Amino acid sequence: MKKILYGLGLCAVFSLSSCIQDEPLNSECDIETAEVLTDDADGWLLNASEATKAIPSSDSVIIFYLKADFADWDKLKALAVQFKLTPGATVTPESGTVHDFSGDGVHYRVTSEDGEWHRDYRVRFTLPPSLPTEYPFENYRWNSTEKYREWFEYSEFDGSEFNMWATGNPGFAISRSAAKPEEYPTIPWDETSVSGHAVKLETCSTGQFGSMMFMPIAAGNLFIGTFDVSNALQDAMAATRFGLPFNKKPVSFEAYYRYKPGPTFINRSGAVQEGRVDTPDLYAVLYRNTDENGQAFTLQGDNVLTHPNIVAIARNTDYVHDFDNWTHINIPFEYREEIDRELLRSYGYSLAVVFTSSIEGASFCGAVGSTLIVDEARVICEEE
Amino acid sequence: MRKLRYILSAIAMSAVGLLSAQDVTMKELMDDKRENREANYQKWGPTSDHDGMGFLVRAGFVLGGTSPLPLPAEIRKINEFAPKGGFSLGVDGYKYFNMRWGLSAGLRFFMQGMRTGAKVKDYGMSITMGEDKVSGRFTGTDITETRMTGFTIPVTATYRVGARWTFNLGPYVSYWIYRDFDGEVFDGYLREGGPTGQKINITSDNPAAYDFSDNMRRFSWGMEFCADFRVREHLNVFGLVDWGLNDVFKSDFETVTFALYPIYATLGVAYYY
């Protein structure tokens, strides 16, 4: 009997001791944060929080914005940027060393702790780009994985491609990996347009993955800002980051649209809401882009129409459900406070223009099949 | 597999140790009290003749888990483990060829299961639902629950050590009538496609669930080791281990990158005739 117990004890010891193996070396190689080493950041960078940035995992170009009146170009010839990397990862050239950032920027390569993976980054300093105000939706390209399209405009400043438009397409790509390019919520539209190409925004089902995550639909959307895909599952409201710095005073918001609601309105858990008819949402918002402490601030899904930083809103409220004819809207901006000219000149305001095929799409309620076609939008600004 | 060898050899060693100790006793018995031994066998049964046969009815509780062997380096910590087994009920028939050796075969109904939570790092995964697929490396917490209910047919060699101890060792096949394998991942992030892919945070407020039940096999096989001890006439207490030697998942299932083996013990009582 004793020997049996001994034998069983031995078994237990073996099975426990050989369990957990040594921890593998890290395979990730991200720049997590980047900080400009300077003691007078307020003097030459766009705002107080500009010197230190958290870098989204999908970004490989890190841009520090200069003040609008920056002219001391020699300053960029000897700057040091310090990085916080994935633990164990290394970067060349070394973090915190002085380089010439005056041209195209400086290229860095981060190598993972296990040595098997690397990522290339570019760090540059630039003036805040002047946000275009006419949106013909003529310029789009494939994303890096060639699954969906991304829209951009050409910068008025130097004619470079300006990635001012964002969509929820990257989030849709996670849940519907097998979707064909034409099945994405936001796609170019050529069947009918006011001029050139239009954009089609359609509320789509996100498939089994989507309903598993209680995100059964994806409204087609297109907005000025960025889409932070890392938050797409965790906090979808935080994933849509609306607006980019703007230095003009908007007066009205204009666009052409066609709309047809989908047949069945469902809520977040997929339950049918009898009698509800879906409606789109088209609006433009101007807001102060720093908080009371001078830190950068961005509107997101849950406060884009309600936050106290909002200065003016132009929002269409009465929608025509006509898919065969264009409806033209021209909505004036309603100002809640006097605009600060000095702040405007120094890019202290941001402009967001938002189109969505389901008004409650941000909270995953809407009707699959609701379709909004948009073309020739623009924000009319006060002449300087 | 290395650990399996350790354990099997440990079992073998302890068995050998026990046998040699028992041998001494047997010799003494043979020399001195042959009648006593006969009486002993007579007392404890099942039969004192050397080619007896009969059967046992076994009832027991099932404990154990479904695990990769060895644990892959991606598993950093086991946060929780709870057996979710149930009972087992079966009947064995045996036949002795001589005083010690015999053969046994049986049919047993069982309920096996477990729940385990683990901290994982860089855990290669890919989840397919319909035609859509999410794949990449997950770092965070994983909780898995699995249950199997079915029948096992063991065919084992029987070695009767003395009047009271009997060991069985041999292969078994199982058929799972019901099986499920599901769980969720949370408190971490997925790097889509690989370590340099975009990071997708997954929190405990909104975990990502998976269900691989339909990817499990129906048939499984392995080795069974059973020790019986006679506590009174017609009544044994027993412990047995069913050590699965094939992956619980079908071979074309690639989401879980390593093989998982069912390793379950049953402790109970047996009535023998």
# chains A, B, ... in the order shown; residues from 1 in each chain; ligands from 1

$ residues_around --residues "Pro170 (chain A)" --least-positions-apart "2" --cutoff "10 Å" --atoms "only C-alpha atoms" --output "PyMOL selection string"
chain A and resi 143+147-150+166-168+172-175+184+227-230+232

$ residues_around --residues "region 128-130 of chain B" --least-positions-apart "5" --cutoff "9 Å" --atoms "only C-alpha atoms" --output "ChimeraX atom specification"
/A:207-209 /B:135,255

$ residues_around --residues "Thr203 (chain B)" --least-positions-apart "3" --cutoff "7 Å" --atoms "only C-alpha atoms" --output "PDB file with all heavy atoms, in the first residue's frame"
ATOM      1  N   GLN A 234     -12.908  46.250 -28.235  1.00  0.00           N
ATOM      2  CA  GLN A 234     -12.914  46.558 -26.815  1.00  0.00           C
ATOM      3  C   GLN A 234     -13.901  47.680 -26.506  1.00  0.00           C
ATOM      4  O   GLN A 234     -14.694  47.594 -25.585  1.00  0.00           O
ATOM      5  CB  GLN A 234     -11.496  46.971 -26.434  1.00  0.00           C
ATOM      6  CG  GLN A 234     -11.347  47.484 -25.036  1.00  0.00           C
ATOM      7  CD  GLN A 234      -9.975  48.091 -24.854  1.00  0.00           C
ATOM      8  OE1 GLN A 234      -9.133  48.032 -25.742  1.00  0.00           O
ATOM      9  NE2 GLN A 234      -9.751  48.672 -23.709  1.00  0.00           N
TER      10      GLN A 234
ATOM     11  N   PHE B 186      -9.796  36.766 -23.071  1.00  0.00           N
ATOM     12  CA  PHE B 186     -10.044  38.142 -22.644  1.00  0.00           C
ATOM     13  C   PHE B 186      -8.808  38.656 -21.921  1.00  0.00           C
ATOM     14  O   PHE B 186      -7.806  37.931 -21.795  1.00  0.00           O
ATOM     15  CB  PHE B 186     -11.283  38.209 -21.742  1.00  0.00           C
ATOM     16  CG  PHE B 186     -11.229  37.306 -20.547  1.00  0.00           C
ATOM     17  CD1 PHE B 186     -10.695  37.738 -19.355  1.00  0.00           C
ATOM     18  CD2 PHE B 186     -11.698  36.009 -20.641  1.00  0.00           C
ATOM     19  CE1 PHE B 186     -10.635  36.899 -18.257  1.00  0.00           C
ATOM     20  CE2 PHE B 186     -11.638  35.153 -19.547  1.00  0.00           C
ATOM     21  CZ  PHE B 186     -11.100  35.603 -18.354  1.00  0.00           C
ATOM     22  N   ASP B 187      -8.904  39.881 -21.414  1.00  0.00           N
ATOM     23  CA  ASP B 187      -7.804  40.508 -20.676  1.00  0.00           C
ATOM     24  C   ASP B 187      -6.497  40.452 -21.453  1.00  0.00           C
ATOM     25  O   ASP B 187      -5.459  40.055 -20.911  1.00  0.00           O
ATOM     26  CB  ASP B 187      -7.599  39.819 -19.308  1.00  0.00           C
ATOM     27  CG  ASP B 187      -8.448  40.461 -18.240  1.00  0.00           C
ATOM     28  OD1 ASP B 187      -9.077  41.490 -18.534  1.00  0.00           O
ATOM     29  OD2 ASP B 187      -8.489  39.931 -17.119  1.00  0.00           O
ATOM     30  N   GLY B 188      -6.561  40.819 -22.707  1.00  0.00           N
ATOM     31  CA  GLY B 188      -5.333  40.761 -23.471  1.00  0.00           C
ATOM     32  C   GLY B 188      -5.538  41.350 -24.846  1.00  0.00           C
ATOM     33  O   GLY B 188      -6.418  42.186 -25.049  1.00  0.00           O
ATOM     34  N   ASN B 206     -15.890  42.377 -22.748  1.00  0.00           N
ATOM     35  CA  ASN B 206     -16.352  41.944 -24.053  1.00  0.00           C
ATOM     36  C   ASN B 206     -15.437  40.839 -24.577  1.00  0.00           C
ATOM     37  O   ASN B 206     -14.674  41.032 -25.508  1.00  0.00           O
ATOM     38  CB  ASN B 206     -16.358  43.151 -25.002  1.00  0.00           C
ATOM     39  CG  ASN B 206     -17.299  42.950 -26.155  1.00  0.00           C
ATOM     40  OD1 ASN B 206     -18.005  41.949 -26.218  1.00  0.00           O
ATOM     41  ND2 ASN B 206     -17.286  43.864 -27.096  1.00  0.00           N
ATOM     42  N   PRO B 207     -15.480  39.667 -23.916  1.00  0.00           N
ATOM     43  CA  PRO B 207     -14.553  38.604 -24.294  1.00  0.00           C
ATOM     44  C   PRO B 207     -14.891  38.019 -25.665  1.00  0.00           C
ATOM     45  O   PRO B 207     -15.998  38.196 -26.165  1.00  0.00           O
ATOM     46  CB  PRO B 207     -14.748  37.554 -23.204  1.00  0.00           C
ATOM     47  CG  PRO B 207     -16.110  37.792 -22.673  1.00  0.00           C
ATOM     48  CD  PRO B 207     -16.419  39.252 -22.866  1.00  0.00           C
TER      49      PRO B 207
END

$ closest_residue --among "A:Thr206, A:Ser370, A:Thr126, A:Thr97" --to "chain B" --atoms "only C-alpha atoms"
A:Thr206

$ select_by_dssp --residues "region 116-199 of chain A" --states "strand (DSSP E)" --output "list in words"
His118, Arg119, Asp120, Tyr121, Arg122, Val123, Arg124, Phe125, Thr126, Glu134, Tyr135, Tyr140, Arg141, Trp142, Arg149, Glu150, Trp151, Glu153, Tyr154, Glu161, Phe162, Trp165, Ala166, Thr186, Ile187, Pro188, Trp189, Ala198 and Val199 of chain A

$ residues_around --residues "region 86-89 of chain B" --least-positions-apart "5" --cutoff "9 Å" --atoms "only C-alpha atoms" --output "count of residues only"
16

$ interface_residues --of "chain B" --to "chain A" --cutoff "6 Å" --atoms "only C-alpha atoms" --output "list in words"
Ile7, Ile11, Ser14, Leu71, Ala73, Glu131, Asp132, Lys133, Pro195, Gln198, Lys199, Ile200, Asn201, Ile202 and Thr203 of chain B

$ write_last_selection --atoms "N, CA, C and O atoms" --output "PDB file, in the first residue's frame"
ATOM      1  N   ILE B   7       5.754   9.010 -16.173  1.00  0.00           N
ATOM      2  CA  ILE B   7       4.697   8.530 -15.292  1.00  0.00           C
ATOM      3  C   ILE B   7       4.515   7.035 -15.439  1.00  0.00           C
ATOM      4  O   ILE B   7       4.412   6.326 -14.451  1.00  0.00           O
ATOM      5  N   ILE B  11       5.025   4.340 -12.551  1.00  0.00           N
ATOM      6  CA  ILE B  11       4.025   3.330 -12.184  1.00  0.00           C
ATOM      7  C   ILE B  11       4.654   1.949 -12.223  1.00  0.00           C
ATOM      8  O   ILE B  11       4.512   1.147 -11.298  1.00  0.00           O
ATOM      9  N   SER B  14       7.028   1.421  -9.286  1.00  0.00           N
ATOM     10  CA  SER B  14       6.355   1.169  -8.010  1.00  0.00           C
ATOM     11  C   SER B  14       5.716  -0.211  -8.031  1.00  0.00           C
ATOM     12  O   SER B  14       5.726  -0.913  -7.028  1.00  0.00           O
ATOM     13  N   LEU B  71       3.202  20.868 -21.534  1.00  0.00           N
ATOM     14  CA  LEU B  71       2.572  22.168 -21.723  1.00  0.00           C
ATOM     15  C   LEU B  71       3.462  23.007 -22.634  1.00  0.00           C
ATOM     16  O   LEU B  71       4.653  23.104 -22.401  1.00  0.00           O
ATOM     17  N   ALA B  73       5.312  26.272 -24.309  1.00  0.00           N
ATOM     18  CA  ALA B  73       5.896  27.452 -23.659  1.00  0.00           C
ATOM     19  C   ALA B  73       4.940  28.635 -23.674  1.00  0.00           C
ATOM     20  O   ALA B  73       5.054  29.539 -22.863  1.00  0.00           O
ATOM     21  N   GLU B 131     -17.228  31.076 -43.223  1.00  0.00           N
ATOM     22  CA  GLU B 131     -16.107  31.297 -44.140  1.00  0.00           C
ATOM     23  C   GLU B 131     -15.138  32.350 -43.602  1.00  0.00           C
ATOM     24  O   GLU B 131     -14.127  32.637 -44.222  1.00  0.00           O
ATOM     25  N   ASP B 132     -15.471  32.950 -42.450  1.00  0.00           N
ATOM     26  CA  ASP B 132     -14.614  33.993 -41.894  1.00  0.00           C
ATOM     27  C   ASP B 132     -13.631  33.409 -40.896  1.00  0.00           C
ATOM     28  O   ASP B 132     -13.911  32.438 -40.222  1.00  0.00           O
ATOM     29  N   LYS B 133     -12.484  34.065 -40.807  1.00  0.00           N
ATOM     30  CA  LYS B 133     -11.412  33.530 -39.998  1.00  0.00           C
ATOM     31  C   LYS B 133     -10.630  34.673 -39.375  1.00  0.00           C
ATOM     32  O   LYS B 133     -10.297  35.641 -40.047  1.00  0.00           O
ATOM     33  N   PRO B 195       3.097  38.725 -34.958  1.00  0.00           N
ATOM     34  CA  PRO B 195       3.541  39.679 -33.932  1.00  0.00           C
ATOM     35  C   PRO B 195       3.634  41.128 -34.406  1.00  0.00           C
ATOM     36  O   PRO B 195       3.635  42.033 -33.584  1.00  0.00           O
ATOM     37  N   GLN B 198      -1.695  44.337 -36.594  1.00  0.00           N
ATOM     38  CA  GLN B 198      -2.377  45.310 -35.751  1.00  0.00           C
ATOM     39  C   GLN B 198      -2.870  44.650 -34.476  1.00  0.00           C
ATOM     40  O   GLN B 198      -3.224  43.483 -34.435  1.00  0.00           O
ATOM     41  N   LYS B 199      -2.851  45.457 -33.423  1.00  0.00           N
ATOM     42  CA  LYS B 199      -3.211  44.962 -32.095  1.00  0.00           C
ATOM     43  C   LYS B 199      -4.707  45.160 -31.899  1.00  0.00           C
ATOM     44  O   LYS B 199      -5.222  46.239 -32.119  1.00  0.00           O
ATOM     45  N   ILE B 200      -5.400  44.114 -31.486  1.00  0.00           N
ATOM     46  CA  ILE B 200      -6.831  44.218 -31.210  1.00  0.00           C
ATOM     47  C   ILE B 200      -7.028  43.865 -29.743  1.00  0.00           C
ATOM     48  O   ILE B 200      -6.801  42.728 -29.336  1.00  0.00           O
ATOM     49  N   ASN B 201      -7.415  44.853 -28.956  1.00  0.00           N
ATOM     50  CA  ASN B 201      -7.595  44.613 -27.525  1.00  0.00           C
ATOM     51  C   ASN B 201      -8.873  43.833 -27.271  1.00  0.00           C
ATOM     52  O   ASN B 201      -9.902  44.088 -27.894  1.00  0.00           O
ATOM     53  N   ILE B 202      -8.801  42.895 -26.346  1.00  0.00           N
ATOM     54  CA  ILE B 202      -9.975  42.107 -25.971  1.00  0.00           C
ATOM     55  C   ILE B 202     -10.075  42.146 -24.448  1.00  0.00           C
ATOM     56  O   ILE B 202      -9.188  41.662 -23.759  1.00  0.00           O
ATOM     57  N   THR B 203     -11.126  42.777 -23.942  1.00  0.00           N
ATOM     58  CA  THR B 203     -11.244  42.947 -22.493  1.00  0.00           C
ATOM     59  C   THR B 203     -12.220  41.948 -21.900  1.00  0.00           C
ATOM     60  O   THR B 203     -12.967  41.284 -22.618  1.00  0.00           O
TER      61      THR B 203
END

$ residues_around --residues "Val237 (chain B)" --least-positions-apart "3" --cutoff "6 Å" --atoms "only C-alpha atoms" --output "ChimeraX atom specification"
/B:228-229,268-269

$ closest_residue --among "A:Val91, A:Val285, A:Leu37, A:Ala51" --to "Ala78 (chain A)" --atoms "only C-alpha atoms"
A:Leu37

$ residues_around --residues "Gly244 (chain B)" --least-positions-apart "6" --cutoff "8 Å" --atoms "only C-alpha atoms" --output "PyMOL selection string"
chain B and resi 220-223+261-263

$ select_by_dssp --residues "region 71-182 of chain A" --states "alpha helix (DSSP H)" --output "list in words"
Asn169, Pro170, Gly171, Phe172, Ala173, Ile174 and Ser175 of chain A

$ write_last_selection --atoms "C-alpha atoms" --output "PDB file, in the first residue's frame"
ATOM      1  CA  ASN A 169     -13.789  49.117 -42.944  1.00  0.00           C
ATOM      2  CA  PRO A 170     -10.718  47.972 -40.921  1.00  0.00           C
ATOM      3  CA  GLY A 171     -13.055  46.772 -38.166  1.00  0.00           C
ATOM      4  CA  PHE A 172     -15.303  45.008 -40.657  1.00  0.00           C
ATOM      5  CA  ALA A 173     -12.224  43.272 -42.072  1.00  0.00           C
ATOM      6  CA  ILE A 174     -11.632  41.601 -38.704  1.00  0.00           C
ATOM      7  CA  SER A 175     -15.112  40.161 -38.404  1.00  0.00           C
TER       8      SER A 175
END

$ decode --residues "region 119-133 of chain B" --atoms "all heavy atoms" --output "PDB file, in the first residue's frame"
ATOM      1  N   LYS B 119      -2.989  31.726 -18.319  1.00  0.00           N
ATOM      2  CA  LYS B 119      -2.402  32.953 -18.842  1.00  0.00           C
ATOM      3  C   LYS B 119      -1.527  32.512 -20.014  1.00  0.00           C
ATOM      4  O   LYS B 119      -0.701  31.617 -19.853  1.00  0.00           O
ATOM      5  CB  LYS B 119      -1.533  33.557 -17.733  1.00  0.00           C
ATOM      6  CG  LYS B 119      -1.244  34.997 -17.918  1.00  0.00           C
ATOM      7  CD  LYS B 119      -2.116  35.847 -16.992  1.00  0.00           C
ATOM      8  CE  LYS B 119      -1.967  37.279 -17.428  1.00  0.00           C
ATOM      9  NZ  LYS B 119      -3.228  37.928 -17.656  1.00  0.00           N
ATOM     10  N   VAL B 120      -1.736  33.111 -21.181  1.00  0.00           N
ATOM     11  CA  VAL B 120      -0.954  32.684 -22.335  1.00  0.00           C
ATOM     12  C   VAL B 120      -0.213  33.871 -22.935  1.00  0.00           C
ATOM     13  O   VAL B 120      -0.607  35.021 -22.762  1.00  0.00           O
ATOM     14  CB  VAL B 120      -1.832  32.014 -23.420  1.00  0.00           C
ATOM     15  CG1 VAL B 120      -2.519  30.789 -22.857  1.00  0.00           C
ATOM     16  CG2 VAL B 120      -2.859  32.988 -23.972  1.00  0.00           C
ATOM     17  N   LYS B 121       0.867  33.571 -23.627  1.00  0.00           N
ATOM     18  CA  LYS B 121       1.664  34.615 -24.277  1.00  0.00           C
ATOM     19  C   LYS B 121       1.963  34.187 -25.701  1.00  0.00           C
ATOM     20  O   LYS B 121       2.427  33.069 -25.911  1.00  0.00           O
ATOM     21  CB  LYS B 121       2.969  34.804 -23.496  1.00  0.00           C
ATOM     22  CG  LYS B 121       3.958  35.743 -24.175  1.00  0.00           C
ATOM     23  CD  LYS B 121       5.215  35.905 -23.363  1.00  0.00           C
ATOM     24  CE  LYS B 121       6.228  36.714 -24.156  1.00  0.00           C
ATOM     25  NZ  LYS B 121       7.446  36.968 -23.391  1.00  0.00           N
ATOM     26  N   ASP B 122       1.668  35.049 -26.654  1.00  0.00           N
ATOM     27  CA  ASP B 122       2.050  34.782 -28.040  1.00  0.00           C
ATOM     28  C   ASP B 122       1.466  33.480 -28.561  1.00  0.00           C
ATOM     29  O   ASP B 122       2.111  32.748 -29.292  1.00  0.00           O
ATOM     30  CB  ASP B 122       3.581  34.687 -28.114  1.00  0.00           C
ATOM     31  CG  ASP B 122       4.128  35.803 -28.976  1.00  0.00           C
ATOM     32  OD1 ASP B 122       3.329  36.610 -29.472  1.00  0.00           O
ATOM     33  OD2 ASP B 122       5.348  35.852 -29.162  1.00  0.00           O
ATOM     34  N   TYR B 123       0.239  33.216 -28.150  1.00  0.00           N
ATOM     35  CA  TYR B 123      -0.412  31.940 -28.379  1.00  0.00           C
ATOM     36  C   TYR B 123      -1.004  31.956 -29.785  1.00  0.00           C
ATOM     37  O   TYR B 123      -1.931  32.715 -30.051  1.00  0.00           O
ATOM     38  CB  TYR B 123      -1.472  31.866 -27.306  1.00  0.00           C
ATOM     39  CG  TYR B 123      -2.289  30.642 -27.139  1.00  0.00           C
ATOM     40  CD1 TYR B 123      -1.884  29.632 -26.289  1.00  0.00           C
ATOM     41  CD2 TYR B 123      -3.528  30.540 -27.763  1.00  0.00           C
ATOM     42  CE1 TYR B 123      -2.685  28.541 -26.081  1.00  0.00           C
ATOM     43  CE2 TYR B 123      -4.330  29.444 -27.553  1.00  0.00           C
ATOM     44  CZ  TYR B 123      -3.900  28.451 -26.714  1.00  0.00           C
ATOM     45  OH  TYR B 123      -4.702  27.377 -26.512  1.00  0.00           O
ATOM     46  N   GLY B 124      -0.434  31.167 -30.671  1.00  0.00           N
ATOM     47  CA  GLY B 124      -0.899  31.149 -32.054  1.00  0.00           C
ATOM     48  C   GLY B 124      -2.313  30.601 -32.115  1.00  0.00           C
ATOM     49  O   GLY B 124      -2.593  29.554 -31.575  1.00  0.00           O
ATOM     50  N   MET B 125      -3.226  31.363 -32.697  1.00  0.00           N
ATOM     51  CA  MET B 125      -4.590  30.871 -32.765  1.00  0.00           C
ATOM     52  C   MET B 125      -5.259  31.347 -34.033  1.00  0.00           C
ATOM     53  O   MET B 125      -4.856  32.338 -34.628  1.00  0.00           O
ATOM     54  CB  MET B 125      -5.396  31.353 -31.561  1.00  0.00           C
ATOM     55  CG  MET B 125      -5.459  32.867 -31.410  1.00  0.00           C
ATOM     56  SD  MET B 125      -6.535  33.358 -30.063  1.00  0.00           S
ATOM     57  CE  MET B 125      -8.063  33.556 -30.915  1.00  0.00           C
ATOM     58  N   SER B 126      -6.244  30.621 -34.433  1.00  0.00           N
ATOM     59  CA  SER B 126      -7.036  31.077 -35.557  1.00  0.00           C
ATOM     60  C   SER B 126      -8.415  30.499 -35.357  1.00  0.00           C
ATOM     61  O   SER B 126      -8.563  29.336 -35.007  1.00  0.00           O
ATOM     62  CB  SER B 126      -6.378  30.635 -36.859  1.00  0.00           C
ATOM     63  OG  SER B 126      -7.140  29.678 -37.493  1.00  0.00           O
ATOM     64  N   ILE B 127      -9.398  31.369 -35.441  1.00  0.00           N
ATOM     65  CA  ILE B 127     -10.764  30.939 -35.198  1.00  0.00           C
ATOM     66  C   ILE B 127     -11.535  31.077 -36.501  1.00  0.00           C
ATOM     67  O   ILE B 127     -11.508  32.123 -37.131  1.00  0.00           O
ATOM     68  CB  ILE B 127     -11.420  31.787 -34.091  1.00  0.00           C
ATOM     69  CG1 ILE B 127     -10.598  31.675 -32.807  1.00  0.00           C
ATOM     70  CG2 ILE B 127     -12.849  31.338 -33.850  1.00  0.00           C
ATOM     71  CD1 ILE B 127     -11.107  32.553 -31.690  1.00  0.00           C
ATOM     72  N   THR B 128     -12.180  30.000 -36.879  1.00  0.00           N
ATOM     73  CA  THR B 128     -12.942  30.014 -38.115  1.00  0.00           C
ATOM     74  C   THR B 128     -14.422  29.935 -37.786  1.00  0.00           C
ATOM     75  O   THR B 128     -14.818  29.133 -36.958  1.00  0.00           O
ATOM     76  CB  THR B 128     -12.532  28.822 -38.988  1.00  0.00           C
ATOM     77  OG1 THR B 128     -11.114  28.871 -39.135  1.00  0.00           O
ATOM     78  CG2 THR B 128     -13.183  28.890 -40.343  1.00  0.00           C
ATOM     79  N   MET B 129     -15.185  30.810 -38.398  1.00  0.00           N
ATOM     80  CA  MET B 129     -16.638  30.729 -38.241  1.00  0.00           C
ATOM     81  C   MET B 129     -17.235  30.884 -39.617  1.00  0.00           C
ATOM     82  O   MET B 129     -17.099  31.941 -40.228  1.00  0.00           O
ATOM     83  CB  MET B 129     -17.137  31.844 -37.342  1.00  0.00           C
ATOM     84  CG  MET B 129     -16.839  31.578 -35.890  1.00  0.00           C
ATOM     85  SD  MET B 129     -17.847  32.602 -34.842  1.00  0.00           S
ATOM     86  CE  MET B 129     -17.264  32.024 -33.264  1.00  0.00           C
ATOM     87  N   GLY B 130     -17.876  29.836 -40.077  1.00  0.00           N
ATOM     88  CA  GLY B 130     -18.363  29.883 -41.442  1.00  0.00           C
ATOM     89  C   GLY B 130     -17.163  30.067 -42.355  1.00  0.00           C
ATOM     90  O   GLY B 130     -16.176  29.357 -42.242  1.00  0.00           O
ATOM     91  N   GLU B 131     -17.228  31.076 -43.223  1.00  0.00           N
ATOM     92  CA  GLU B 131     -16.107  31.297 -44.140  1.00  0.00           C
ATOM     93  C   GLU B 131     -15.138  32.350 -43.602  1.00  0.00           C
ATOM     94  O   GLU B 131     -14.127  32.637 -44.222  1.00  0.00           O
ATOM     95  CB  GLU B 131     -16.640  31.700 -45.512  1.00  0.00           C
ATOM     96  CG  GLU B 131     -17.593  32.874 -45.446  1.00  0.00           C
ATOM     97  CD  GLU B 131     -18.238  33.161 -46.793  1.00  0.00           C
ATOM     98  OE1 GLU B 131     -18.002  32.382 -47.740  1.00  0.00           O
ATOM     99  OE2 GLU B 131     -18.960  34.155 -46.890  1.00  0.00           O
ATOM    100  N   ASP B 132     -15.471  32.950 -42.450  1.00  0.00           N
ATOM    101  CA  ASP B 132     -14.614  33.993 -41.894  1.00  0.00           C
ATOM    102  C   ASP B 132     -13.631  33.409 -40.896  1.00  0.00           C
ATOM    103  O   ASP B 132     -13.911  32.438 -40.222  1.00  0.00           O
ATOM    104  CB  ASP B 132     -15.467  35.064 -41.218  1.00  0.00           C
ATOM    105  CG  ASP B 132     -16.382  35.753 -42.210  1.00  0.00           C
ATOM    106  OD1 ASP B 132     -15.884  36.086 -43.298  1.00  0.00           O
ATOM    107  OD2 ASP B 132     -17.564  35.924 -41.918  1.00  0.00           O
ATOM    108  N   LYS B 133     -12.484  34.065 -40.807  1.00  0.00           N
ATOM    109  CA  LYS B 133     -11.412  33.530 -39.998  1.00  0.00           C
ATOM    110  C   LYS B 133     -10.630  34.673 -39.375  1.00  0.00           C
ATOM    111  O   LYS B 133     -10.297  35.641 -40.047  1.00  0.00           O
ATOM    112  CB  LYS B 133     -10.505  32.720 -40.924  1.00  0.00           C
ATOM    113  CG  LYS B 133      -9.325  32.075 -40.265  1.00  0.00           C
ATOM    114  CD  LYS B 133      -8.638  31.200 -41.306  1.00  0.00           C
ATOM    115  CE  LYS B 133      -7.244  30.838 -40.856  1.00  0.00           C
ATOM    116  NZ  LYS B 133      -6.542  30.048 -41.851  1.00  0.00           N
TER     117      LYS B 133
END
